[in-house]
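**Q** So here's run-v5.txt (compact mmCIF, C-alpha atoms and all ligand atoms).
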```txt
# COMPACT_ATOMS: atom_id res chain seq x y z
CA MET I 92 68.20 47.03 80.07
CA ALA I 93 64.73 45.80 80.99
CA ARG I 94 63.27 48.89 82.71
CA ASN I 95 62.77 52.23 80.99
CA PRO I 96 66.09 54.06 80.92
CA ARG I 97 66.23 56.93 83.43
CA VAL I 98 67.25 60.26 81.99
CA ILE I 99 67.94 63.84 83.13
CA VAL I 100 67.93 66.88 80.84
CA ILE I 101 70.38 69.78 81.26
CA ASP I 102 69.69 72.94 79.28
CA GLN I 103 69.84 76.63 80.20
CA ASP I 104 66.81 77.29 78.01
CA GLN I 105 63.76 76.24 80.01
CA ILE I 106 61.42 76.08 77.03
CA ALA I 107 63.81 73.95 74.99
CA ARG I 108 64.50 71.58 77.84
CA SER I 109 60.85 70.99 78.65
CA GLU I 110 60.28 70.17 74.97
CA VAL I 111 63.10 67.62 75.10
CA GLN I 112 61.71 66.29 78.35
CA LYS I 113 58.28 65.84 76.76
CA MET I 114 59.81 64.12 73.74
CA LEU I 115 61.69 61.68 75.98
CA ALA I 116 58.70 60.96 78.23
CA LEU I 117 56.54 60.22 75.18
CA SER I 118 59.22 57.83 73.92
CA GLY I 119 59.07 55.81 77.13
CA PHE I 120 62.04 57.18 79.08
CA ALA I 121 61.72 57.89 82.80
CA VAL I 122 62.68 61.57 82.96
CA LEU I 123 63.93 62.17 86.51
CA GLY I 124 64.40 65.91 86.26
CA GLU I 125 65.75 68.91 84.38
CA ALA I 126 68.22 71.63 85.26
CA GLY I 127 70.34 74.50 83.96
CA TYR I 128 74.16 74.46 83.85
CA GLY I 129 76.50 74.46 86.85
CA ILE I 130 75.62 73.54 90.43
CA GLU I 131 71.97 72.94 89.57
CA ALA I 132 72.95 70.28 87.02
CA VAL I 133 75.51 68.62 89.27
CA SER I 134 73.08 68.45 92.22
CA LEU I 135 70.40 66.89 90.02
CA ALA I 136 72.85 64.35 88.58
CA LYS I 137 74.04 63.41 92.09
CA GLU I 138 70.53 63.00 93.41
CA ALA I 139 68.97 61.23 90.40
CA GLU I 140 71.88 58.99 89.30
CA PRO I 141 70.36 58.60 85.83
CA ASP I 142 71.31 55.98 83.24
CA VAL I 143 71.92 58.70 80.68
CA VAL I 144 72.32 62.48 80.68
CA VAL I 145 70.97 64.62 77.85
CA VAL I 146 72.61 68.03 77.68
CA ALA I 147 72.38 71.13 75.47
CA ILE I 148 75.70 72.64 74.42
CA GLU I 149 74.90 76.29 73.80
CA GLU I 150 76.37 79.63 74.78
CA PRO I 151 77.98 80.11 77.17
CA VAL I 152 79.75 77.02 75.81
CA VAL I 153 82.45 77.16 78.47
CA ARG I 154 79.81 76.66 81.15
CA ALA I 155 78.15 73.89 79.18
CA LEU I 156 81.46 72.04 78.83
CA GLN I 157 82.36 72.65 82.47
CA THR I 158 79.00 71.10 83.40
CA VAL I 159 79.60 68.13 81.08
CA GLU I 160 83.01 67.53 82.66
CA ALA I 161 81.62 67.72 86.19
CA VAL I 162 78.72 65.36 85.40
CA ALA I 163 81.03 62.94 83.57
CA ASP I 164 83.35 62.84 86.60
CA LEU I 165 80.44 62.36 88.97
CA LEU I 166 78.69 59.64 86.94
CA PRO I 167 81.40 57.87 84.92
CA GLN I 168 79.02 55.05 83.98
CA SER I 169 76.22 57.28 82.67
CA PRO I 170 76.80 58.25 79.03
CA ILE I 171 76.09 61.83 77.97
CA VAL I 172 74.20 62.75 74.79
CA ALA I 173 74.56 66.36 73.66
CA TYR I 174 72.42 68.45 71.32
CA SER I 175 73.53 71.76 69.95
CA SER I 176 73.02 74.38 67.26
CA ILE I 177 76.82 74.58 66.89
CA LYS I 178 78.02 72.51 63.96
CA GLU I 179 81.76 73.28 63.78
CA PRO I 180 83.98 70.19 64.08
CA GLY I 181 86.19 72.00 66.61
CA SER I 182 83.29 72.50 69.04
CA ILE I 183 82.07 68.95 68.54
CA ARG I 184 85.57 67.70 69.35
CA LYS I 185 85.74 69.80 72.51
CA ALA I 186 82.40 68.36 73.65
CA MET I 187 83.64 64.81 72.98
CA LEU I 188 86.81 65.49 74.95
CA ALA I 189 84.75 66.87 77.83
CA GLY I 190 82.92 63.53 78.02
CA VAL I 191 80.05 63.55 75.54
CA SER I 192 79.32 60.18 73.88
CA ASP I 193 77.13 61.46 71.05
CA TYR I 194 76.51 64.92 69.59
CA LEU I 195 73.30 65.77 67.74
CA THR I 196 72.73 69.03 65.95
CA THR I 197 69.44 70.88 66.31
CA PRO I 198 66.64 70.66 65.38
CA VAL I 199 66.74 67.25 67.02
CA GLN I 200 64.26 64.68 65.72
CA GLU I 201 62.63 62.38 68.24
CA GLU I 202 63.76 59.23 66.44
CA GLU I 203 67.34 60.48 66.27
CA LEU I 204 67.46 61.26 70.00
CA VAL I 205 65.89 57.94 70.98
CA THR I 206 68.29 55.98 68.75
CA SER I 207 71.24 57.91 70.13
CA ILE I 208 70.29 57.18 73.76
CA HIS I 209 69.80 53.47 73.07
CA THR I 210 73.11 53.31 71.19
CA VAL I 211 75.18 54.98 73.92
CA LEU I 212 73.50 52.80 76.55
CA ALA I 213 74.27 49.65 74.57
CA THR I 214 77.91 50.75 74.17
CA GLU I 215 78.15 51.42 77.90
CA GLU I 216 76.60 48.02 78.63
CA ARG I 217 79.17 46.29 76.38
CA LYS I 218 81.99 48.19 78.05
CA ARG I 219 80.72 47.16 81.46
CA ALA I 220 80.42 43.51 80.40
CA ARG I 221 83.93 43.58 78.94
CA ILE I 222 85.44 45.08 82.09
CA SER I 223 83.66 42.60 84.35
CA GLY I 224 84.83 39.70 82.13
CA GLU I 225 81.27 38.65 81.21
CA MET I 226 82.05 39.07 77.53
CA GLU I 227 84.20 36.69 75.55
CA GLU I 228 87.22 38.06 73.75
CA PRO I 229 86.09 39.49 70.41
CA LEU I 230 86.88 37.24 67.45
CA ALA I 231 88.54 38.70 64.40
CA CYS I 232 85.72 39.63 62.09
CA GLY I 233 85.69 40.42 58.41
CA THR I 234 83.29 42.65 56.58
CA VAL I 235 80.12 41.00 55.29
CA LEU I 236 78.94 42.62 52.05
CA THR I 237 75.49 41.52 50.96
CA VAL I 238 74.73 42.25 47.33
CA PHE I 239 70.96 42.54 47.23
CA GLY I 240 68.35 43.78 44.79
CA ALA I 241 64.61 43.80 44.38
CA LYS I 242 64.71 42.04 41.00
CA GLY I 243 66.49 39.43 38.93
CA GLY I 244 68.80 40.29 36.05
CA ILE I 245 70.04 43.63 37.41
CA GLY I 246 73.71 42.71 37.77
CA LYS I 247 74.02 41.40 41.35
CA THR I 248 76.18 38.43 40.37
CA THR I 249 78.21 40.54 37.96
CA ILE I 250 78.95 43.00 40.77
CA SER I 251 79.63 40.26 43.36
CA THR I 252 82.13 38.38 41.18
CA ASN I 253 83.94 41.48 39.93
CA LEU I 254 84.06 43.14 43.32
CA ALA I 255 85.41 39.94 44.90
CA THR I 256 88.11 39.73 42.22
CA ALA I 257 89.04 43.42 42.45
CA LEU I 258 89.24 43.25 46.26
CA VAL I 259 91.67 40.32 46.03
CA GLN I 260 93.77 41.49 43.10
CA LYS I 261 93.85 45.25 43.56
CA THR I 262 93.59 45.71 47.30
CA ASN I 263 95.16 42.49 48.62
CA GLN I 264 92.16 41.56 50.74
CA SER I 265 91.18 37.94 51.30
CA VAL I 266 87.68 37.32 49.99
CA THR I 267 85.11 34.53 50.02
CA LEU I 268 82.18 34.79 47.69
CA VAL I 269 79.13 32.85 48.84
CA ASP I 270 76.49 32.09 46.23
CA LEU I 271 73.14 32.36 48.01
CA ASP I 272 71.08 32.31 44.84
CA THR I 273 68.50 29.73 45.87
CA ARG I 274 67.22 29.32 42.33
CA PHE I 275 70.08 29.18 39.85
CA GLY I 276 73.42 29.99 41.40
CA ASP I 277 75.29 31.81 38.65
CA VAL I 278 78.61 32.44 40.39
CA ALA I 279 79.99 29.08 39.21
CA ILE I 280 78.99 29.91 35.63
CA LEU I 281 80.36 33.45 35.68
CA MET I 282 83.66 32.25 37.21
CA ASP I 283 83.65 29.00 35.19
CA ILE I 284 84.24 26.59 38.07
CA PRO I 285 83.13 22.99 38.53
CA VAL I 286 80.69 22.47 41.39
CA GLU I 287 81.65 19.33 43.25
CA ARG I 288 80.69 20.44 46.71
CA SER I 289 78.41 23.28 47.64
CA ILE I 290 76.72 25.03 50.53
CA ALA I 291 74.08 22.25 50.47
CA ASP I 292 76.76 19.87 51.85
CA LEU I 293 76.75 21.95 55.02
CA ALA I 294 73.06 21.41 55.79
CA LEU I 295 73.84 19.71 59.11
CA PRO I 296 72.91 20.56 62.69
CA GLU I 297 74.53 23.99 62.92
CA GLU I 298 76.89 23.25 65.81
CA GLU I 299 78.33 20.36 63.78
CA ILE I 300 79.51 22.61 60.96
CA SER I 301 83.24 22.90 61.56
CA ARG I 302 85.91 25.03 59.91
CA GLU I 303 87.38 21.91 58.31
CA MET I 304 84.05 20.88 56.75
CA LEU I 305 83.56 24.39 55.47
CA GLN I 306 87.07 24.44 54.06
CA ASP I 307 86.28 21.23 52.14
CA CYS I 308 83.40 22.97 50.37
CA LEU I 309 85.40 26.04 49.31
CA TYR I 310 86.86 26.39 45.87
CA THR I 311 89.92 28.56 45.23
CA HIS I 312 89.54 30.30 41.90
CA ASN I 313 92.61 31.27 39.91
CA THR I 314 91.78 34.93 40.48
CA GLY I 315 92.51 34.27 44.18
CA VAL I 316 88.85 34.51 45.21
CA THR I 317 87.55 31.70 47.41
CA ILE I 318 84.07 30.56 46.41
CA LEU I 319 81.37 28.69 48.27
CA PRO I 320 79.14 27.67 45.37
CA ALA I 321 75.40 27.12 45.32
CA PRO I 322 74.24 23.56 44.60
CA VAL I 323 73.71 22.74 40.94
CA ARG I 324 70.13 21.54 41.52
CA PRO I 325 67.85 24.18 43.07
CA THR I 326 66.02 21.40 44.98
CA ASP I 327 69.19 20.80 47.03
CA TRP I 328 68.50 24.08 48.82
CA ARG I 329 65.52 22.54 50.61
CA ASN I 330 67.60 21.42 53.61
CA VAL I 331 69.51 24.69 53.91
CA HIS I 332 68.07 27.11 56.47
CA ALA I 333 68.86 30.62 57.62
CA GLY I 334 70.66 29.16 60.67
CA HIS I 335 73.13 27.38 58.37
CA ILE I 336 73.83 30.63 56.58
CA GLU I 337 74.51 32.39 59.86
CA ARG I 338 76.93 29.70 61.03
CA VAL I 339 78.76 29.58 57.69
CA VAL I 340 79.04 33.35 57.32
CA THR I 341 80.20 33.76 60.92
CA LEU I 342 82.94 31.16 60.43
CA LEU I 343 84.04 32.70 57.13
CA ALA I 344 84.11 36.20 58.61
CA GLN I 345 86.58 34.95 61.22
CA THR I 346 89.04 34.04 58.48
CA TYR I 347 88.49 36.34 55.51
CA ASP I 348 88.69 40.12 55.25
CA TYR I 349 85.53 40.15 53.13
CA VAL I 350 82.62 37.76 52.84
CA ILE I 351 80.50 38.69 49.84
CA LEU I 352 76.99 37.26 49.74
CA ASP I 353 75.35 37.13 46.30
CA THR I 354 71.57 36.87 46.59
CA PRO I 355 68.78 35.82 44.20
CA GLY I 356 66.18 38.05 42.59
CA THR I 357 63.56 36.68 44.99
CA PHE I 358 63.09 37.16 48.70
CA ASN I 359 63.17 34.37 51.30
CA ASP I 360 64.44 33.53 54.82
CA ILE I 361 67.97 33.01 53.56
CA VAL I 362 68.08 36.44 51.94
CA ALA I 363 66.61 37.97 55.11
CA ARG I 364 69.41 36.40 57.17
CA ALA I 365 72.01 37.52 54.63
CA LEU I 366 70.76 41.07 55.13
CA GLU I 367 70.78 40.80 58.92
CA LEU I 368 74.36 39.54 58.87
CA ALA I 369 75.60 42.31 56.58
CA THR I 370 78.09 44.93 57.63
CA LEU I 371 77.09 46.73 54.46
CA VAL I 372 74.32 46.05 51.93
CA LEU I 373 74.87 47.01 48.32
CA LEU I 374 71.33 47.55 47.09
CA VAL I 375 71.52 47.16 43.32
CA ALA I 376 69.00 48.79 40.98
CA THR I 377 68.85 49.52 37.28
CA VAL I 378 67.64 52.81 35.86
CA ASP I 379 64.17 51.78 34.70
CA LEU I 380 60.85 52.49 36.28
CA ALA I 381 60.03 48.89 37.25
CA SER I 382 63.37 48.41 38.99
CA LEU I 383 63.16 51.75 40.78
CA LYS I 384 59.61 51.00 41.95
CA ASP I 385 60.68 47.60 43.29
CA THR I 386 63.74 49.18 44.92
CA LEU I 387 61.48 51.64 46.69
CA LEU I 388 59.46 48.70 48.05
CA ALA I 389 62.68 46.98 49.18
CA LEU I 390 63.77 50.15 51.00
CA ASP I 391 60.34 50.36 52.67
CA MET I 392 60.63 46.74 53.74
CA LEU I 393 64.07 47.35 55.29
CA ARG I 394 62.76 50.44 57.04
CA SER I 395 59.84 48.46 58.48
CA TRP I 396 62.38 46.06 60.02
CA ASN I 397 64.20 49.03 61.57
CA PHE I 398 67.18 47.99 59.47
CA PRO I 399 70.02 50.50 60.03
CA GLN I 400 69.71 52.80 57.03
CA GLU I 401 73.37 53.78 57.06
CA LYS I 402 74.26 50.18 56.17
CA VAL I 403 72.34 50.33 52.90
CA LYS I 404 74.26 51.73 49.91
CA LEU I 405 72.45 52.23 46.64
CA VAL I 406 74.32 51.02 43.56
CA ILE I 407 72.90 51.92 40.17
CA ASN I 408 73.92 49.52 37.44
CA ALA I 409 73.17 50.36 33.81
CA THR I 410 72.40 47.02 32.19
CA ASN I 411 70.91 48.79 29.16
CA GLU I 412 72.42 51.24 26.79
CA ALA I 413 69.44 53.54 26.79
CA SER I 414 67.75 55.16 29.73
CA ASN I 415 65.55 58.20 29.79
CA ILE I 416 65.53 58.60 33.56
CA GLN I 417 67.67 61.46 34.77
CA PRO I 418 70.00 61.15 37.77
CA GLN I 419 68.04 63.69 39.81
CA GLU I 420 64.90 61.68 39.14
CA VAL I 421 66.50 58.54 40.65
CA LYS I 422 67.42 60.45 43.79
CA ARG I 423 63.96 62.03 43.98
CA MET I 424 62.13 58.72 43.46
CA LEU I 425 64.15 56.74 45.98
CA GLY I 426 64.70 59.54 48.45
CA ARG I 427 68.35 58.69 48.92
CA GLU I 428 71.76 59.36 47.53
CA VAL I 429 73.31 57.06 44.96
CA PHE I 430 76.46 55.60 46.48
CA TRP I 431 77.90 54.19 43.27
CA SER I 432 77.01 53.89 39.63
CA ILE I 433 78.31 51.35 37.15
CA PRO I 434 78.09 52.24 33.46
CA TYR I 435 76.65 50.05 30.74
CA ASP I 436 79.50 48.12 29.14
CA ARG I 437 79.32 45.49 26.41
CA ASN I 438 82.57 44.00 27.71
CA ILE I 439 80.60 42.56 30.66
CA SER I 440 78.61 40.13 28.52
CA MET I 441 81.76 39.27 26.56
CA ALA I 442 83.51 38.44 29.84
CA THR I 443 80.54 36.27 30.84
CA GLN I 444 81.05 34.22 27.69
CA LEU I 445 84.68 33.68 28.73
CA GLY I 446 83.73 32.69 32.28
CA MET I 447 85.98 35.36 33.79
CA PRO I 448 85.19 38.66 35.53
CA VAL I 449 85.50 41.70 33.27
CA VAL I 450 88.02 43.27 35.68
CA VAL I 451 90.36 40.46 34.55
CA THR I 452 89.45 40.10 30.86
CA LYS I 453 89.36 43.83 30.10
CA PRO I 454 90.78 45.93 32.95
CA SER I 455 90.63 49.08 30.81
CA ALA I 456 86.86 48.76 30.20
CA LYS I 457 84.88 51.55 31.84
CA ALA I 458 82.82 49.06 33.90
CA SER I 459 86.08 47.46 35.12
CA GLU I 460 87.44 50.82 36.19
CA SER I 461 84.25 51.59 38.06
CA LEU I 462 84.21 48.19 39.81
CA VAL I 463 87.89 48.42 40.76
CA GLU I 464 87.36 51.91 42.16
CA LEU I 465 84.42 50.60 44.16
CA ALA I 466 86.70 47.92 45.63
CA HIS I 467 89.21 50.60 46.59
CA VAL I 468 86.57 52.72 48.24
CA LEU I 469 85.06 49.83 50.18
CA SER I 470 88.43 48.53 51.36
CA GLY I 471 89.98 51.92 52.05
CA VAL I 472 93.08 50.74 50.14
CA HIS I 473 93.91 53.26 47.44
CA GLN I 474 95.38 52.97 43.99
CA GLN I 475 99.00 53.92 43.41
CA GLY I 476 99.42 57.47 42.19
CA GLU I 477 95.90 58.54 42.90
CA GLY I 478 95.35 62.24 43.05
CA GLN I 479 94.67 64.60 45.86
CA ARG I 480 90.97 63.85 45.93
CA GLN I 481 91.66 60.28 46.93
CA GLN I 482 94.29 61.35 49.46
CA LYS I 483 91.77 63.58 51.11
CA ARG I 484 89.61 60.52 51.73
CA ASP I 485 92.53 58.67 53.31
CA GLY I 486 92.37 60.50 56.57
CA LYS I 487 88.82 59.42 57.39
CA GLY I 488 88.94 55.64 57.88
CA LEU I 489 86.76 53.14 56.10
CA PHE I 490 83.37 53.79 57.57
CA GLY I 491 83.89 57.51 57.88
CA ARG I 492 84.44 57.60 54.15
CA ILE I 493 81.72 55.19 53.24
CA LEU I 494 79.07 56.66 55.43
CA GLY I 495 79.94 60.28 55.09
CA GLN I 496 81.95 62.13 52.54
CA LEU I 497 81.78 59.61 49.74
CA THR I 498 78.04 59.45 49.77
CA GLU I 499 78.09 63.09 48.78
CA GLU I 500 81.05 62.84 46.43
CA LYS I 501 79.70 59.91 44.47
CA SER I 502 76.14 61.00 44.49
CA GLU I 503 75.95 61.60 40.78
CA VAL I 504 74.43 58.89 38.61
CA LYS I 505 76.13 58.32 35.34
CA VAL I 506 73.32 57.31 33.04
CA GLU I 507 74.96 55.93 29.95
N1 LIG I 601 76.89 47.28 33.64
C1 LIG I 601 76.49 46.36 32.77
N2 LIG I 601 76.62 46.57 31.43
C2 LIG I 601 76.22 45.64 30.56
N3 LIG I 601 75.66 44.48 30.89
C3 LIG I 601 75.50 44.19 32.18
C4 LIG I 601 75.91 45.11 33.20
N4 LIG I 601 75.65 44.56 34.41
C5 LIG I 601 75.10 43.35 34.16
N5 LIG I 601 75.00 43.12 32.84
C6 LIG I 601 74.41 41.93 32.19
O1 LIG I 601 73.09 41.78 32.73
C7 LIG I 601 72.75 40.41 32.84
C8 LIG I 601 72.29 40.10 34.27
O2 LIG I 601 73.38 40.23 35.14
P1 LIG I 601 73.50 39.32 36.43
O3 LIG I 601 73.38 37.87 36.14
O4 LIG I 601 74.73 39.78 37.13
O5 LIG I 601 72.21 39.81 37.23
P2 LIG I 601 71.60 39.24 38.61
O6 LIG I 601 70.98 40.40 39.30
O7 LIG I 601 72.61 38.47 39.33
O8 LIG I 601 70.45 38.29 38.08
P3 LIG I 601 69.71 37.09 38.90
O9 LIG I 601 68.88 37.75 39.96
O10 LIG I 601 68.87 36.41 37.88
O11 LIG I 601 70.77 36.24 39.48
C9 LIG I 601 73.96 39.61 32.42
O12 LIG I 601 73.80 39.21 31.11
C10 LIG I 601 75.12 40.63 32.51
O13 LIG I 601 76.13 40.35 31.58
MG MG I 602 72.61 36.47 40.03
```
How does this structure look as C-alpha cells?
**A**
Amino acid sequence: MARNPRVIVIDQDQIARSEVQKMLALSGFAVLGEAGYGIEAVSLAKEAEPDVVVVAIEEPVVRALQTVEAVADLLPQSPIVAYSSIKEPGSIRKAMLAGVSDYLTTPVQEEELVTSIHTVLATEERKRARISGEMEEPLACGTVLTVFGAKGGIGKTTISTNLATALVQKTNQSVTLVDLDTRFGDVAILMDIPVERSIADLALPEEEISREMLQDCLYTHNTGVTILPAPVRPTDWRNVHAGHIERVVTLLAQTYDYVILDTPGTFNDIVARALELATLVLLVATVDLASLKDTLLALDMLRSWNFPQEKVKLVINATNEASNIQPQEVKRMLGREVFWSIPYDRNISMATQLGMPVVVTKPSAKASESLVELAHVLSGVHQQGEGQRQQKRDGKGLFGRILGQLTEEKSEVKVE
C-alpha cells in the first residue's frame, strides 16, 4: 500500500482515544477521525471508509462487541485491531468472533500497534489478491531452520546434524541438511560422507537450477537425512551467491518437511540470506562471557534489520564441563528467554570420532535425549508414552507451542 494507511479510532474514553490517535499520527498513519461506541462509530466508519479500524474493547464490553460487529459488517475489507485491558482468553475469543483481526492488551506500545496494523493490512491484501486470482496457488513449503551463532566452535554443526537425524528417525519428517559453512564445511566430516558433488556445482544462473540438478547434488545418508554438502575446497564458494542459496532453499522447501541450514562462525551475504529465508532461527550460544557478548551483538544486528524477533530462538549449548555463569545471568545479559539448553556431554566428541550423530551412537546420552526432545518440540510430533505435560502442549499447534508456552516452560538453563 503506497499511501499512508487511513485509520479511525473507536474508544469510549476520550483521553485514551486521543492518545492512540496521536500515536498513530506520529507513526505516519492518516487518522480520519475518532468516535465512541454505537451509532457514532458506525457513522464515522461509513463516512471515512478507512483502511483499518482501531477499537478499544472495554466495559461495557457488549456495546464494544456490538460496535465491532456493525463495523465489520459495514466494512468487510477493513481489518479491525483491538486493544483492551481485558486479558482473559474467553473475552479475546469473543472479540475475534465479532470480527477483530488482532487483539493487543494495554498498555499498548507504539511499535506493537504499528506492527499489528501493518500485519493485518498485509493479510487483507493477500486475501484480496487470492480472491481476485492475482496470486499464484501457494506451493507446499517446508520449515527452514537456520542454525546460526555469533562464533565458531559453539556446536552449530553438532546441533544441525543431530537435529536433522532426530527429525527423520524419531518424528518421521523428511529433512535436508544444507552445509552453508563457507570456510570448512564440517557436515560431511561429522556424518562421514564422501563429497563428490556439492552446492558449488549449482553456481549457475539461478533460473537454470532445476530440481533434477539439485537432486544430483544431494546425498542420502544412512540415517535417512538428505545432505547438500559444502565444497571440499573453501575457494569453490567464490562463485556461490546469496541468490543461489535462495533458489536452492526454495526448491528444497517445496519437497522436504524441514530444510536445516548450518552456517559458519563468520558472517557474510550467504549467512544473511540464510537468516532471511528462515522460518525459525536457532541462535546458538555457549555459556561463557565472550560467546554471550557476541550473541548480544548478533541479537542487536538482527534487531537493526527489523528481523522478526519471534523467529529467533536462543539455544544454549554447554561445550565445556565448567561454567560459572548462572542461568539467570544468561537471561539478564541477553534480555531474552532461553528456548532450549543442551548439556555438556563427552559422548558428542566420541560420536564425532565415529562420524555418526550422537543421537544414533548413544541414544541414552543426556545430550541425545535433549536433542531428540528438541526435534519433538520443533516438529510437534510427540514421543510415545509421554506424560501429561507433553499432552498439554499437543492442543496448541506447532507455532503456538514454539512461540508461546514452551518459551516459558523451557526457560531454565541447565548449566552442567
Ligand atoms: N554439548 C556438547 N558437549 C560436549 N561437546 C560438544 C557439545 N557441543 C559441541 N561439542 C563439541 O564442540 C566442538 C565444536 O562443535 P561444532 O563443530 O558443532 O561447532 P560449530 O559451531 O559448528 O563450529 P564452526 O563454526 O567452526 O563450524 C566439537 O568438538 C564438538 O564435539
Ligand atoms: Mg560448524
**Q** Taking all atoms listed in the file into account, which of I:Leu295, I:Val111, I:Val316, I:Ala456 comes nearest Thr256 in chain I?
**A**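 So, comparing all the options, the nearest one is I:Val316.
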**Q** When you count all atoms listed in the file, which of these residues is closest to Gln112 in chain I: I:Ala186, I:Leu204, I:Val421, I:Ile222?
**A**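 Of all the options, I:Leu204 lies closest to Gln112 in chain I.
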**Q** Nearest residue to Ser134 in chain I out of I:Gly426, I:Leu342, I:Trp328, I:Thr158, using only C-alpha atoms?
**A**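 Once distances to Ser134 in chain I are computed over only C-alpha atoms, the minimum belongs to I:Thr158.
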**Q** Hey, which residues come within 6 Å of ligand MG 602 (chain I) if we count only C-alpha atoms and all ligand atoms? Could you give them as a PyMOL selection string?
**A** chain I and resi 247-248+277+355
**Q** Could you work out how far CA of Glu287 in chain I lies from CA of Asp327 in chain I, giving the answer in Å with one decimal?
**A**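 CA of Glu287 in chain I lies 13.1 Å from CA of Asp327 in chain I.
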**Q** Env of range 173-184 of chain I: 12 Å cut, atoms = only C-alpha atoms, seq-sep filter 6 positions within chain, self excluded. Answer as a short mmCIF file (atom, residue, chain, number, x, y, z; two decimals) with C-alpha atoms, keeping the file's coordinate frame.
**A**
```cif
data_model
loop_
_atom_site.label_atom_id
_atom_site.label_comp_id
_atom_site.auth_asym_id
_atom_site.auth_seq_id
_atom_site.Cartn_x
_atom_site.Cartn_y
_atom_site.Cartn_z
CA ILE I 99 67.94 63.84 83.13
CA VAL I 100 67.93 66.88 80.84
CA ILE I 101 70.38 69.78 81.26
CA ASP I 102 69.69 72.94 79.28
CA GLN I 103 69.84 76.63 80.20
CA ASP I 104 66.81 77.29 78.01
CA ALA I 107 63.81 73.95 74.99
CA ARG I 108 64.50 71.58 77.84
CA VAL I 111 63.10 67.62 75.10
CA VAL I 143 71.92 58.70 80.68
CA VAL I 144 72.32 62.48 80.68
CA VAL I 145 70.97 64.62 77.85
CA VAL I 146 72.61 68.03 77.68
CA ALA I 147 72.38 71.13 75.47
CA ILE I 148 75.70 72.64 74.42
CA GLU I 149 74.90 76.29 73.80
CA GLU I 150 76.37 79.63 74.78
CA PRO I 151 77.98 80.11 77.17
CA VAL I 152 79.75 77.02 75.81
CA VAL I 153 82.45 77.16 78.47
CA ALA I 155 78.15 73.89 79.18
CA LEU I 156 81.46 72.04 78.83
CA THR I 158 79.00 71.10 83.40
CA VAL I 159 79.60 68.13 81.08
CA GLY I 190 82.92 63.53 78.02
CA VAL I 191 80.05 63.55 75.54
CA SER I 192 79.32 60.18 73.88
CA ASP I 193 77.13 61.46 71.05
CA TYR I 194 76.51 64.92 69.59
CA LEU I 195 73.30 65.77 67.74
CA THR I 196 72.73 69.03 65.95
CA THR I 197 69.44 70.88 66.31
CA PRO I 198 66.64 70.66 65.38
CA VAL I 199 66.74 67.25 67.02
CA GLN I 200 64.26 64.68 65.72
CA GLU I 201 62.63 62.38 68.24
CA GLU I 203 67.34 60.48 66.27
CA LEU I 204 67.46 61.26 70.00
CA SER I 207 71.24 57.91 70.13
CA ILE I 208 70.29 57.18 73.76
CA VAL I 211 75.18 54.98 73.92
#
```
**Q** All residues within 7 Å of ligand LIG 601 (chain I) are required, counting only C-alpha atoms and all ligand atoms; please report them as JSON, numbers by chain.
**A** {"I": [240, 242, 243, 244, 245, 246, 247, 248, 249, 250, 272, 277, 355, 356, 408, 409, 410, 411, 433, 434, 435, 436, 437, 439, 440, 443, 458]}
**Q** Using all atoms listed in the file for the distances, tell me which of I:Leu445, I:Ala333, I:Ile284, I:Leu462 is nearest to Tyr310 in chain I.
**A**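 Counting all atoms listed in the file, the residue closest to Tyr310 in chain I is I:Ile284.
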**Q** Pick the closest to His335 in chain I from I:Ala294, I:Met114, I:Val286, I:Ile106: which is it, counting all atoms listed in the file?
**A**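 Nearest candidate to His335 in chain I out of I:Ala294, I:Met114, I:Val286, I:Ile106: I:Ala294.
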**Q** Between I:Glu460, I:Glu110, I:Leu212, I:Leu188, which residue has the minimum interatomic distance to Arg97 in chain I, considering only C-alpha atoms?
**A** I:Leu212
**Q** Just the number, please: distance in Å from CA of Thr346 in chain I to CA of Thr252 in chain I, one decimal.
**A**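 Those two atoms sit 19.1 Å apart.
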**Q** CA of Thr326 in chain I and CA of Thr273 in chain I are how many Å apart?
**A**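 About the pair CA of Thr326 in chain I and CA of Thr273 in chain I: they are 8.7 Å apart.
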**Q** Could you give me, as number ranges by chain, the residues within 10 Å of Val362 in chain I, counting all atoms listed in the file and dropping anything in the same chain fewer than 2 positions from it?
**A** I: 237-239, 271-273, 333, 336, 352-360, 364-368
**Q** Write out as CSV the residues of range 296-384 of chain I that have any atom within 6 Å of an atom of range 403-406 of chain I, one row each with the nearest atom pair and its distance in Å to one decimal, counting all atoms listed in the file, sorted by chain and then rising number.
**A**
```
residue,atom,partner,partner_atom,distance
I:Val372,CA,I:Val403,CA,4.8
I:Leu373,CA,I:Lys404,CA,5.0
I:Leu374,CA,I:Leu405,CA,4.8
I:Val375,CA,I:Val406,CA,4.8
```
**Q** Write the residues you've just listed into a file as a PDB file, in the coordinates of the input, and include C-alpha atoms for each of them.
**A**
```pdb
ATOM      1  CA  VAL I 372      74.320  46.050  51.930  1.00  0.00           C
ATOM      2  CA  LEU I 373      74.870  47.010  48.320  1.00  0.00           C
ATOM      3  CA  LEU I 374      71.330  47.550  47.090  1.00  0.00           C
ATOM      4  CA  VAL I 375      71.520  47.160  43.320  1.00  0.00           C
TER       5      VAL I 375
END
```
**Q** Give me the residues near Asp385 in chain I as a PDB file with C-alpha atoms, in the coordinates of the input, where near means some atom within 6 Å (using only C-alpha atoms) and where sequence neighbours in that chain fewer than 3 positions away do not count.
**A**
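Printed below is around-v1.pdb as written:
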```pdb
ATOM      1  CA  ALA I 241      64.610  43.800  44.380  1.00  0.00           C
ATOM      2  CA  SER I 382      63.370  48.410  38.990  1.00  0.00           C
ATOM      3  CA  LEU I 388      59.460  48.700  48.050  1.00  0.00           C
TER       4      LEU I 388
END
```
